[in-house]
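K.L.:
This is protein10.txt (compact mmCIF, C-alpha atoms).
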# COMPACT_ATOMS: atom_id res chain seq x y z
CA MET A 1 -28.17 110.39 -209.21
CA THR A 2 -26.58 109.02 -212.38
CA GLU A 3 -27.53 105.43 -212.88
CA ASP A 4 -28.20 102.67 -215.29
CA ILE A 5 -31.91 102.06 -214.76
CA PRO A 6 -32.82 98.37 -214.92
CA ASN A 7 -35.76 97.27 -216.98
CA PHE A 8 -38.41 97.02 -214.30
CA SER A 9 -41.27 94.65 -215.00
CA TYR A 10 -43.74 95.84 -212.38
CA TYR A 11 -43.27 99.57 -212.64
CA ARG A 12 -46.62 101.14 -213.45
CA GLY A 13 -45.62 104.74 -214.02
CA ALA A 14 -45.73 106.54 -217.35
CA LYS A 15 -42.12 107.73 -217.47
CA GLN A 16 -38.81 106.31 -216.37
CA PRO A 17 -38.34 106.64 -212.60
CA HIS A 18 -35.49 108.89 -211.53
CA PHE A 19 -34.34 107.66 -208.16
CA VAL A 20 -32.79 110.16 -205.81
CA THR A 21 -30.91 107.59 -203.73
CA GLN A 22 -29.49 104.12 -204.12
CA THR A 23 -31.81 103.01 -201.34
CA GLU A 24 -34.84 103.94 -203.42
CA ARG A 25 -33.51 101.98 -206.34
CA GLN A 26 -32.89 98.92 -204.19
CA ALA A 27 -36.39 99.19 -202.80
CA ALA A 28 -37.71 99.26 -206.37
CA GLU A 29 -35.69 96.15 -207.18
CA ILE A 30 -37.08 94.33 -204.15
CA LEU A 31 -40.65 95.25 -205.07
CA ASP A 32 -40.08 94.18 -208.65
CA TYR A 33 -38.56 90.89 -207.52
CA HIS A 34 -41.69 90.17 -205.50
CA ARG A 35 -43.91 91.01 -208.49
CA VAL A 36 -45.49 93.87 -206.61
CA PRO A 37 -46.68 96.60 -209.02
CA TRP A 38 -45.30 99.98 -207.99
CA GLU A 39 -45.32 103.62 -208.96
CA TYR A 40 -42.62 106.13 -208.14
CA GLU A 41 -43.59 109.41 -206.49
CA PRO A 42 -47.01 109.49 -208.15
CA ARG A 43 -48.66 111.95 -205.77
CA THR A 44 -47.76 114.93 -203.65
CA PHE A 45 -49.82 115.50 -200.54
CA ILE A 46 -50.30 119.04 -199.32
CA LEU A 47 -49.74 119.10 -195.59
CA GLU A 48 -50.12 122.80 -194.86
CA THR A 49 -51.16 125.98 -196.64
CA ASP A 50 -50.97 129.60 -195.54
CA SER A 51 -53.93 131.95 -195.30
CA ASP A 52 -53.60 132.75 -199.01
CA GLY A 53 -53.75 129.11 -199.99
CA ASN A 54 -50.06 128.85 -200.82
CA ILE A 55 -48.44 125.54 -200.10
CA VAL A 56 -46.27 125.74 -197.01
CA GLU A 57 -45.50 122.06 -196.61
CA ALA A 58 -45.97 119.07 -198.86
CA PHE A 59 -44.88 115.46 -198.89
CA THR A 60 -44.27 113.12 -201.81
CA PRO A 61 -43.88 109.50 -200.67
CA ASP A 62 -41.36 107.51 -202.69
CA PHE A 63 -43.60 104.66 -203.81
CA TYR A 64 -47.22 103.77 -204.26
CA LEU A 65 -48.17 100.10 -204.43
CA PRO A 66 -51.57 100.06 -206.18
CA ASP A 67 -52.35 96.39 -205.52
CA LEU A 68 -51.78 96.92 -201.80
CA ASP A 69 -53.13 100.47 -201.77
CA LEU A 70 -50.09 101.49 -199.79
CA TYR A 71 -47.62 104.37 -199.97
CA LEU A 72 -44.05 103.56 -199.03
CA GLU A 73 -41.38 105.99 -197.94
CA VAL A 74 -37.88 104.60 -197.71
CA THR A 75 -35.09 106.18 -195.78
CA GLN A 76 -31.44 105.40 -195.30
CA MET A 77 -30.79 108.73 -193.67
CA LYS A 78 -29.32 109.88 -190.41
CA GLN A 79 -31.56 110.01 -187.38
CA SER A 80 -32.31 113.73 -187.53
CA LEU A 81 -33.75 113.41 -191.02
CA VAL A 82 -35.62 110.24 -190.10
CA THR A 83 -37.29 112.24 -187.36
CA ALA A 84 -38.36 114.84 -189.91
CA LYS A 85 -39.76 112.12 -192.15
CA ASN A 86 -41.56 110.56 -189.22
CA ARG A 87 -43.18 113.90 -188.58
CA LYS A 88 -44.28 114.23 -192.20
CA VAL A 89 -45.73 110.74 -192.20
CA ARG A 90 -47.60 111.55 -189.00
CA ARG A 91 -48.94 114.79 -190.50
CA LEU A 92 -50.01 112.96 -193.63
CA ARG A 93 -51.90 110.38 -191.59
CA GLU A 94 -53.63 113.15 -189.64
CA LYS A 95 -54.64 115.11 -192.71
CA TYR A 96 -55.40 112.15 -194.97
CA PRO A 97 -56.59 109.37 -192.65
CA GLU A 98 -57.78 107.30 -195.58
CA ILE A 99 -54.23 107.05 -196.95
CA ARG A 100 -52.13 104.07 -195.91
CA ILE A 101 -48.43 104.81 -195.65
CA LYS A 102 -45.47 102.99 -194.18
CA LEU A 103 -42.03 104.37 -193.48
CA PHE A 104 -39.36 101.88 -194.33
CA TYR A 105 -36.47 102.56 -191.98
CA LYS A 106 -32.79 101.97 -192.39
CA HIS A 107 -33.00 98.98 -190.09
CA ASP A 108 -35.76 97.45 -192.23
CA PHE A 109 -33.55 97.92 -195.21
CA VAL A 110 -30.52 96.38 -193.55
CA GLN A 111 -32.64 93.31 -192.83
CA LEU A 112 -33.75 93.00 -196.42
CA ALA A 113 -30.31 93.74 -197.80
CA LYS A 114 -28.83 90.96 -195.71
CA LYS A 115 -31.63 88.61 -196.64
CA TYR A 116 -31.01 89.24 -200.32
CA ASP A 117 -27.25 89.61 -200.02
CA MET A 118 -27.39 93.13 -201.44
CA SER A 119 -24.75 95.76 -200.85
CA LEU A 120 -25.97 98.74 -198.91
CA PRO A 121 -25.24 102.35 -199.74
CA SER A 122 -23.08 103.97 -197.13
CA MET B 123 -29.96 84.30 -171.91
CA LYS B 124 -28.06 81.04 -172.23
CA PRO B 125 -25.06 80.64 -174.52
CA ALA B 126 -25.56 78.55 -177.63
CA GLY B 127 -23.43 75.53 -178.17
CA ALA B 128 -24.68 73.31 -175.37
CA PRO B 129 -23.62 69.66 -175.28
CA GLY B 130 -24.91 67.96 -178.40
CA ASP B 131 -25.00 71.20 -180.32
CA PRO B 132 -23.80 70.15 -183.81
CA CYS B 133 -22.43 73.62 -184.47
CA ALA B 134 -20.51 73.83 -181.23
CA ASP B 135 -17.18 74.03 -183.00
CA ALA B 136 -18.14 75.47 -186.37
CA GLY B 137 -18.33 79.25 -186.66
CA ARG B 138 -19.19 79.64 -183.00
CA GLU B 139 -18.07 83.23 -183.03
CA LEU B 140 -21.09 84.11 -185.15
CA ILE B 141 -23.63 82.49 -182.87
CA GLY B 142 -24.88 84.63 -180.03
CA ASP B 143 -27.11 83.93 -177.08
CA ILE B 144 -30.05 81.60 -177.35
CA TYR B 145 -33.29 83.48 -178.00
CA LEU B 146 -35.67 80.50 -178.01
CA SER B 147 -34.58 77.27 -176.40
CA SER B 148 -35.43 73.85 -177.71
CA ALA B 149 -37.89 73.43 -174.82
CA GLU B 150 -39.61 76.75 -175.56
CA LEU B 151 -39.91 75.84 -179.22
CA THR B 152 -41.35 72.44 -178.40
CA ALA B 153 -43.92 73.94 -176.04
CA ARG B 154 -45.11 76.56 -178.50
CA VAL B 155 -45.17 74.21 -181.48
CA THR B 156 -47.26 71.81 -179.42
CA GLU B 157 -49.73 74.63 -178.68
CA LEU B 158 -49.96 75.51 -182.36
CA GLY B 159 -50.56 71.87 -183.25
CA ARG B 160 -53.36 71.65 -180.70
CA ALA B 161 -54.96 74.81 -182.03
CA ILE B 162 -54.89 73.47 -185.58
CA THR B 163 -56.26 70.14 -184.38
CA ALA B 164 -59.20 71.90 -182.74
CA ASP B 165 -59.91 74.20 -185.69
CA TYR B 166 -59.88 71.45 -188.32
CA GLU B 167 -62.13 68.89 -186.66
CA GLY B 168 -63.41 66.41 -189.21
CA ARG B 169 -61.20 67.79 -191.97
CA GLU B 170 -58.08 66.60 -193.71
CA ILE B 171 -55.24 69.09 -193.80
CA LEU B 172 -52.60 69.75 -196.41
CA LEU B 173 -49.54 71.40 -194.91
CA VAL B 174 -47.46 73.25 -197.47
CA SER B 175 -43.97 74.41 -196.62
CA VAL B 176 -41.67 76.73 -198.50
CA LEU B 177 -38.19 75.22 -198.51
CA LYS B 178 -35.87 75.31 -196.76
CA GLY B 179 -36.24 77.33 -193.58
CA ALA B 180 -39.54 75.91 -192.36
CA ILE B 181 -38.79 72.20 -192.65
CA PHE B 182 -37.77 71.77 -189.01
CA PHE B 183 -40.86 73.61 -187.81
CA MET B 184 -43.01 71.67 -190.27
CA ALA B 185 -41.64 68.33 -189.11
CA ASP B 186 -42.34 69.11 -185.46
CA LEU B 187 -45.69 70.76 -186.11
CA VAL B 188 -47.12 67.90 -188.14
CA ARG B 189 -46.47 65.50 -185.26
CA CYS B 190 -48.51 67.74 -182.95
CA ILE B 191 -51.59 67.73 -185.17
CA ASP B 192 -54.10 65.02 -184.42
CA ARG B 193 -55.86 65.05 -187.77
CA PRO B 194 -55.23 63.40 -191.13
CA VAL B 195 -52.40 65.45 -192.59
CA GLU B 196 -50.62 65.48 -195.92
CA MET B 197 -47.43 67.40 -196.56
CA ASP B 198 -46.12 69.03 -199.70
CA PHE B 199 -43.24 71.36 -200.41
CA MET B 200 -42.42 74.20 -202.73
CA ALA B 201 -39.29 76.22 -203.30
CA ILE B 202 -38.94 79.72 -204.62
CA SER B 203 -36.03 81.36 -206.35
CA SER B 204 -33.70 83.40 -204.24
CA TYR B 205 -33.10 87.02 -205.10
CA GLY B 206 -29.51 86.29 -206.08
CA GLU B 207 -30.48 83.43 -208.39
CA SER B 208 -33.14 85.51 -210.06
CA ALA B 209 -30.83 88.46 -210.52
CA GLN B 210 -28.51 86.32 -212.61
CA THR B 211 -30.95 86.22 -215.48
CA SER B 212 -32.39 89.60 -216.25
CA ASP B 213 -35.41 88.22 -218.09
CA LYS B 214 -36.41 86.23 -215.02
CA LYS B 215 -35.52 88.74 -212.35
CA ALA B 216 -38.57 88.03 -210.30
CA ILE B 217 -39.65 85.61 -207.65
CA ARG B 218 -40.83 82.30 -209.06
CA PHE B 219 -41.35 78.71 -208.02
CA VAL B 220 -38.30 76.58 -208.71
CA LYS B 221 -40.09 73.60 -207.20
CA ASP B 222 -43.85 73.43 -207.35
CA LEU B 223 -46.25 71.34 -205.30
CA GLU B 224 -46.52 67.77 -206.42
CA ARG B 225 -50.30 67.53 -206.20
CA PRO B 226 -53.30 69.79 -206.89
CA ILE B 227 -54.73 71.70 -203.96
CA GLU B 228 -58.19 72.31 -205.39
CA ASP B 229 -60.86 71.89 -202.68
CA ARG B 230 -58.21 71.11 -200.10
CA ASP B 231 -57.80 72.72 -196.69
CA VAL B 232 -54.32 74.16 -197.03
CA ILE B 233 -52.08 75.61 -194.35
CA VAL B 234 -48.90 77.30 -195.51
CA VAL B 235 -46.17 76.72 -192.94
CA GLU B 236 -43.57 79.48 -192.76
CA ASP B 237 -40.45 79.95 -190.69
CA ILE B 238 -40.85 83.73 -190.45
CA VAL B 239 -43.06 86.44 -191.87
CA ASP B 240 -41.80 90.02 -191.92
CA THR B 241 -42.62 92.26 -194.88
CA GLY B 242 -45.05 89.64 -196.12
CA LEU B 243 -43.98 90.23 -199.72
CA THR B 244 -42.82 86.67 -200.35
CA LEU B 245 -45.81 85.18 -198.56
CA ASN B 246 -48.11 87.49 -200.49
CA TYR B 247 -46.78 86.00 -203.73
CA VAL B 248 -47.12 82.45 -202.43
CA LEU B 249 -50.68 82.97 -201.18
CA HIS B 250 -51.76 84.71 -204.36
CA SER B 251 -50.35 81.88 -206.46
CA LEU B 252 -51.98 79.19 -204.33
CA SER B 253 -55.33 80.96 -204.12
CA LEU B 254 -55.60 80.78 -207.91
CA ARG B 255 -55.63 76.98 -207.63
CA GLY B 256 -58.95 76.92 -205.79
CA PRO B 257 -58.25 75.54 -202.34
CA ALA B 258 -61.22 75.10 -200.00
CA SER B 259 -59.35 77.16 -197.44
CA LEU B 260 -55.92 78.74 -197.24
CA GLU B 261 -54.34 79.71 -193.92
CA VAL B 262 -50.88 80.53 -192.67
CA CYS B 263 -48.96 79.16 -189.71
CA THR B 264 -45.65 80.87 -189.01
CA LEU B 265 -43.15 80.11 -186.29
CA LEU B 266 -41.79 83.66 -186.05
CA ASP B 267 -43.58 86.87 -186.88
CA ARG B 268 -42.58 90.51 -187.27
CA PRO B 269 -45.94 92.18 -187.83
CA TYR B 270 -44.44 95.64 -187.31
CA ARG B 271 -42.43 95.23 -190.53
CA ARG B 272 -45.37 94.25 -192.70
CA ILE B 273 -45.81 95.80 -196.13
CA ALA B 274 -48.22 93.31 -197.66
CA ASP B 275 -51.32 92.72 -195.55
CA VAL B 276 -51.19 88.96 -195.26
CA SER B 277 -53.48 87.21 -192.83
CA ILE B 278 -51.66 85.05 -190.27
CA ARG B 279 -53.96 82.63 -188.48
CA TYR B 280 -51.32 80.87 -186.39
CA SER B 281 -48.29 82.74 -185.10
CA GLY B 282 -45.69 81.20 -182.83
CA PHE B 283 -43.65 84.10 -181.54
CA ILE B 284 -43.54 87.84 -182.20
CA VAL B 285 -39.83 88.47 -182.47
CA PRO B 286 -37.53 91.51 -182.46
CA ASP B 287 -35.68 92.81 -185.47
CA ASP B 288 -32.63 90.61 -185.05
CA PHE B 289 -31.00 87.94 -187.14
CA PHE B 290 -31.44 84.38 -185.98
CA VAL B 291 -29.86 81.03 -186.70
CA GLY B 292 -30.91 77.54 -185.80
CA TYR B 293 -34.07 75.46 -186.04
CA GLY B 294 -34.10 76.05 -189.78
CA PHE B 295 -32.75 79.59 -189.82
CA ASP B 296 -29.48 79.87 -191.64
CA TYR B 297 -26.60 82.19 -192.23
CA ARG B 298 -25.25 81.48 -195.70
CA GLN B 299 -26.88 78.04 -195.57
CA LEU B 300 -25.20 77.09 -192.29
CA TYR B 301 -26.50 76.60 -188.75
CA ARG B 302 -29.98 75.41 -189.67
CA ASN B 303 -29.32 72.31 -187.58
CA LEU B 304 -28.90 74.10 -184.27
CA PRO B 305 -31.63 72.75 -181.98
CA SER B 306 -32.53 76.17 -180.60
CA ILE B 307 -32.87 79.65 -182.13
CA SER B 308 -29.95 81.93 -181.38
CA PHE B 309 -29.01 85.47 -182.25
CA LEU B 310 -26.58 85.85 -185.12
CA LYS B 311 -23.69 88.16 -184.37
CA ILE B 312 -23.05 90.06 -187.60
Turn this file's structure into structure tokens for me.
P.N.:
Amino acid sequence: MTEDIPNFSYYRGAKQPHFVTQTERQAAEILDYHRVPWEYEPRTFILETDSDGNIVEAFTPDFYLPDLDLYLEVTQMKQSLVTAKNRKVRRLREKYPEIRIKLFYKHDFVQLAKKYDMSLPS
Amino acid sequence: MKPAGAPGDPCADAGRELIGDIYLSSAELTARVTELGRAITADYEGREILLVSVLKGAIFFMADLVRCIDRPVEMDFMAISSYGESAQTSDKKAIRFVKDLERPIEDRDVIVVEDIVDTGLTLNYVLHSLSLRGPASLEVCTLLDRPYRRIADVSIRYSGFIVPDDFFVGYGFDYRQLYRNLPSISFLKI
């Protein structure tokens, strides 16, 4: 995604975030607006390995909010992919019960976008 | 569901096509606000309360709630920048108070009165800012609540209604600053 990255005040990562979607960027802007410190894709969780220890499935949530100790995955995708993300979030919760994660759905984002008068990606 | 725009509805002729069915009638609002006022009255026996409202959405709820509380009550108001306003100036692109409280809240029993809590991000900022001022207690009373959309874990002591993920107008809720004055809460058709 080519983009002009804004100067985020509450980003706590070491290097410039490279957002994959416009939705992720808007989520970052909303977090920054609310003065919520955030990191972008700071950790990958291994969900499944094969008998040789090779990673079969992994999941990297979009954001980590250190002050809230919460991972956030945002999605603006079609339903079939949302279902896949739901499954990954469920697997993560099963394997890492101490981790707090929330999936931010398209509908959640529509609500926020309307509240803040933001344009939504198609 | 009853249609909005009953006799006496000040928005009966203005933008009616945007206003859907009534979700919470004036009578339902009155009944629930009265219950909340009674609960606060019971919980704050022998104490003086400072109700703090974030402008503008909660002012109707605040005005009705305060008249249902049988305790000494003070009111104060704050306003925060909107996202659009903040985005205009890149160096201040963050939530901030554009109107602060008029009096200190140190050692006071404070209740923040909100119109709606969903992600909790705005309320989280408000509560954090107020907690730094040393109130004796700091609670939240919200008319509408969407706990299933929460990101920030804010504690809500008094919650009027758990509501679905729809847009509402009336009783303080606006669409582009209009329709706050509807006496009931209706769905917004957009």
K.L.:
Please tabulate, as JSON lines, the residues of chain B that come within 12 Å of chain A, each with its closest pair of atoms and the distance in Å to one decimal, counting all atoms listed in the file and ordering rows by chain, then residue number upward.
P.N.:
{"residue": "B:Ile202", "atom": "CA", "partner": "A:His34", "partner_atom": "CA", "distance": 10.8}
{"residue": "B:Ser203", "atom": "CA", "partner": "A:Tyr33", "partner_atom": "CA", "distance": 9.9}
{"residue": "B:Ser204", "atom": "CA", "partner": "A:Tyr116", "partner_atom": "CA", "distance": 7.5}
{"residue": "B:Tyr205", "atom": "CA", "partner": "A:Tyr116", "partner_atom": "CA", "distance": 5.7}
{"residue": "B:Gly206", "atom": "CA", "partner": "A:Tyr116", "partner_atom": "CA", "distance": 6.6}
{"residue": "B:Glu207", "atom": "CA", "partner": "A:Tyr116", "partner_atom": "CA", "distance": 10.0}
{"residue": "B:Ser208", "atom": "CA", "partner": "A:Tyr33", "partner_atom": "CA", "distance": 8.0}
{"residue": "B:Ala209", "atom": "CA", "partner": "A:Tyr33", "partner_atom": "CA", "distance": 8.6}
{"residue": "B:Thr211", "atom": "CA", "partner": "A:Tyr33", "partner_atom": "CA", "distance": 12.0}
{"residue": "B:Ser212", "atom": "CA", "partner": "A:Asn7", "partner_atom": "CA", "distance": 8.4}
{"residue": "B:Asp213", "atom": "CA", "partner": "A:Asn7", "partner_atom": "CA", "distance": 9.1}
{"residue": "B:Lys214", "atom": "CA", "partner": "A:Tyr33", "partner_atom": "CA", "distance": 9.1}
{"residue": "B:Lys215", "atom": "CA", "partner": "A:Tyr33", "partner_atom": "CA", "distance": 6.1}
{"residue": "B:Ala216", "atom": "CA", "partner": "A:Tyr33", "partner_atom": "CA", "distance": 4.0}
{"residue": "B:Ile217", "atom": "CA", "partner": "A:Tyr33", "partner_atom": "CA", "distance": 5.4}
{"residue": "B:Arg218", "atom": "CA", "partner": "A:His34", "partner_atom": "CA", "distance": 8.7}
{"residue": "B:Phe219", "atom": "CA", "partner": "A:His34", "partner_atom": "CA", "distance": 11.7}
{"residue": "B:Asp240", "atom": "CA", "partner": "A:Asp108", "partner_atom": "CA", "distance": 9.6}
{"residue": "B:Thr241", "atom": "CA", "partner": "A:Asp108", "partner_atom": "CA", "distance": 9.0}
{"residue": "B:Gly242", "atom": "CA", "partner": "A:His34", "partner_atom": "CA", "distance": 10.0}
{"residue": "B:Leu243", "atom": "CA", "partner": "A:His34", "partner_atom": "CA", "distance": 6.2}
{"residue": "B:Thr244", "atom": "CA", "partner": "A:His34", "partner_atom": "CA", "distance": 6.3}
{"residue": "B:Leu245", "atom": "CA", "partner": "A:His34", "partner_atom": "CA", "distance": 9.5}
{"residue": "B:Asn246", "atom": "CA", "partner": "A:His34", "partner_atom": "CA", "distance": 8.6}
{"residue": "B:Tyr247", "atom": "CA", "partner": "A:His34", "partner_atom": "CA", "distance": 6.8}
{"residue": "B:Val248", "atom": "CA", "partner": "A:His34", "partner_atom": "CA", "distance": 9.9}
{"residue": "B:His250", "atom": "CA", "partner": "A:Arg35", "partner_atom": "CA", "distance": 10.9}
{"residue": "B:Ser251", "atom": "CA", "partner": "A:Arg35", "partner_atom": "CA", "distance": 11.4}
{"residue": "B:Arg268", "atom": "CA", "partner": "A:Asp108", "partner_atom": "CA", "distance": 10.9}
{"residue": "B:Tyr270", "atom": "CA", "partner": "A:Lys102", "partner_atom": "CA", "distance": 10.1}
{"residue": "B:Arg271", "atom": "CA", "partner": "A:Asp108", "partner_atom": "CA", "distance": 7.2}
{"residue": "B:Arg272", "atom": "CA", "partner": "A:Lys102", "partner_atom": "CA", "distance": 8.9}
{"residue": "B:Ile273", "atom": "CA", "partner": "A:Lys102", "partner_atom": "CA", "distance": 7.5}
{"residue": "B:Ala274", "atom": "CA", "partner": "A:Leu68", "partner_atom": "CA", "distance": 6.5}
{"residue": "B:Asp275", "atom": "CA", "partner": "A:Leu68", "partner_atom": "CA", "distance": 7.5}
{"residue": "B:Val276", "atom": "CA", "partner": "A:Leu68", "partner_atom": "CA", "distance": 10.3}
{"residue": "B:Pro286", "atom": "CA", "partner": "A:Asp108", "partner_atom": "CA", "distance": 11.6}
{"residue": "B:Asp287", "atom": "CA", "partner": "A:Gln111", "partner_atom": "CA", "distance": 8.0}
{"residue": "B:Asp288", "atom": "CA", "partner": "A:Gln111", "partner_atom": "CA", "distance": 8.2}
{"residue": "B:Phe289", "atom": "CA", "partner": "A:Gln111", "partner_atom": "CA", "distance": 8.0}
{"residue": "B:Phe290", "atom": "CA", "partner": "A:Gln111", "partner_atom": "CA", "distance": 11.3}
{"residue": "B:Phe295", "atom": "CA", "partner": "A:Lys115", "partner_atom": "CA", "distance": 11.4}
{"residue": "B:Asp296", "atom": "CA", "partner": "A:Lys115", "partner_atom": "CA", "distance": 10.3}
{"residue": "B:Tyr297", "atom": "CA", "partner": "A:Lys115", "partner_atom": "CA", "distance": 9.3}
{"residue": "B:Arg298", "atom": "CA", "partner": "A:Asp117", "partner_atom": "CA", "distance": 9.4}
{"residue": "B:Gln299", "atom": "CA", "partner": "A:Lys115", "partner_atom": "CA", "distance": 11.6}
{"residue": "B:Leu310", "atom": "CA", "partner": "A:Lys114", "partner_atom": "CA", "distance": 12.0}
{"residue": "B:Ile312", "atom": "CA", "partner": "A:Lys114", "partner_atom": "CA", "distance": 10.0}
K.L.:
Quick one: everything within 7 Å of Leu47 of chain A, counting all atoms listed in the file, minus sequence neighbours fewer than 5 positions away in the same chain. Send it as a list of chain:residue names.
P.N.:
A:Glu57, A:Ala58, A:Phe59, A:Arg91, A:Leu92, A:Lys95
K.L.:
Excluding Leu252 of chain B and any residue of its chain fewer than 2 positions from it, enumerate the residues within 10 Å of it, using all atoms listed in the file, and give them as a list in words.
P.N.:
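Result of the neighbour search: Leu223, Pro226, Ile227, Glu228, Val232, Val234, Asn246, Tyr247, Val248, Leu249, His250, Leu254, Arg255, Gly256, Pro257 and Leu260 of chain B.
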K.L.:
Neighbourhood query: residues within 7 Å of (-39.7, 105.0, -208.1), file coordinates, counting all atoms listed in the file; return as a PyMOL selection string.
P.N.:
chain A and resi 17-19+24+28+39-41+62-63
K.L.:
Atom CA of Phe199 of chain B and atom CA of Arg230 of chain B, how far apart in Å?
P.N.:
15.0 Å
K.L.:
Which residue is closest to Cys263 of chain B? Choose from B:Ala164, B:Ala180, B:Asn303, B:Ser148 and count all atoms listed in the file.
P.N.:
B:Ala180
K.L.:
Would you work out the distance separating atom CA of Thr23 of chain A from atom CA of Leu81 of chain A, expressed in Å to one decimal?
P.N.:
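Atom-to-atom, atom CA of Thr23 of chain A to atom CA of Leu81 of chain A, that is 14.8 Å.
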K.L.:
Residues at most 12 Å from Glu224 of chain B, counting only C-alpha atoms, excluding those fewer than 5 positions away in the same chain, as a compact mmCIF listing (two decimals) with C-alpha atoms, keeping the file's coordinate frame?
P.N.:
# COMPACT_ATOMS: atom_id res chain seq x y z
CA LEU B 172 -52.60 69.75 -196.41
CA VAL B 174 -47.46 73.25 -197.47
CA GLU B 196 -50.62 65.48 -195.92
CA MET B 197 -47.43 67.40 -196.56
CA ASP B 198 -46.12 69.03 -199.70
CA PHE B 199 -43.24 71.36 -200.41
CA MET B 200 -42.42 74.20 -202.73
CA ALA B 201 -39.29 76.22 -203.30
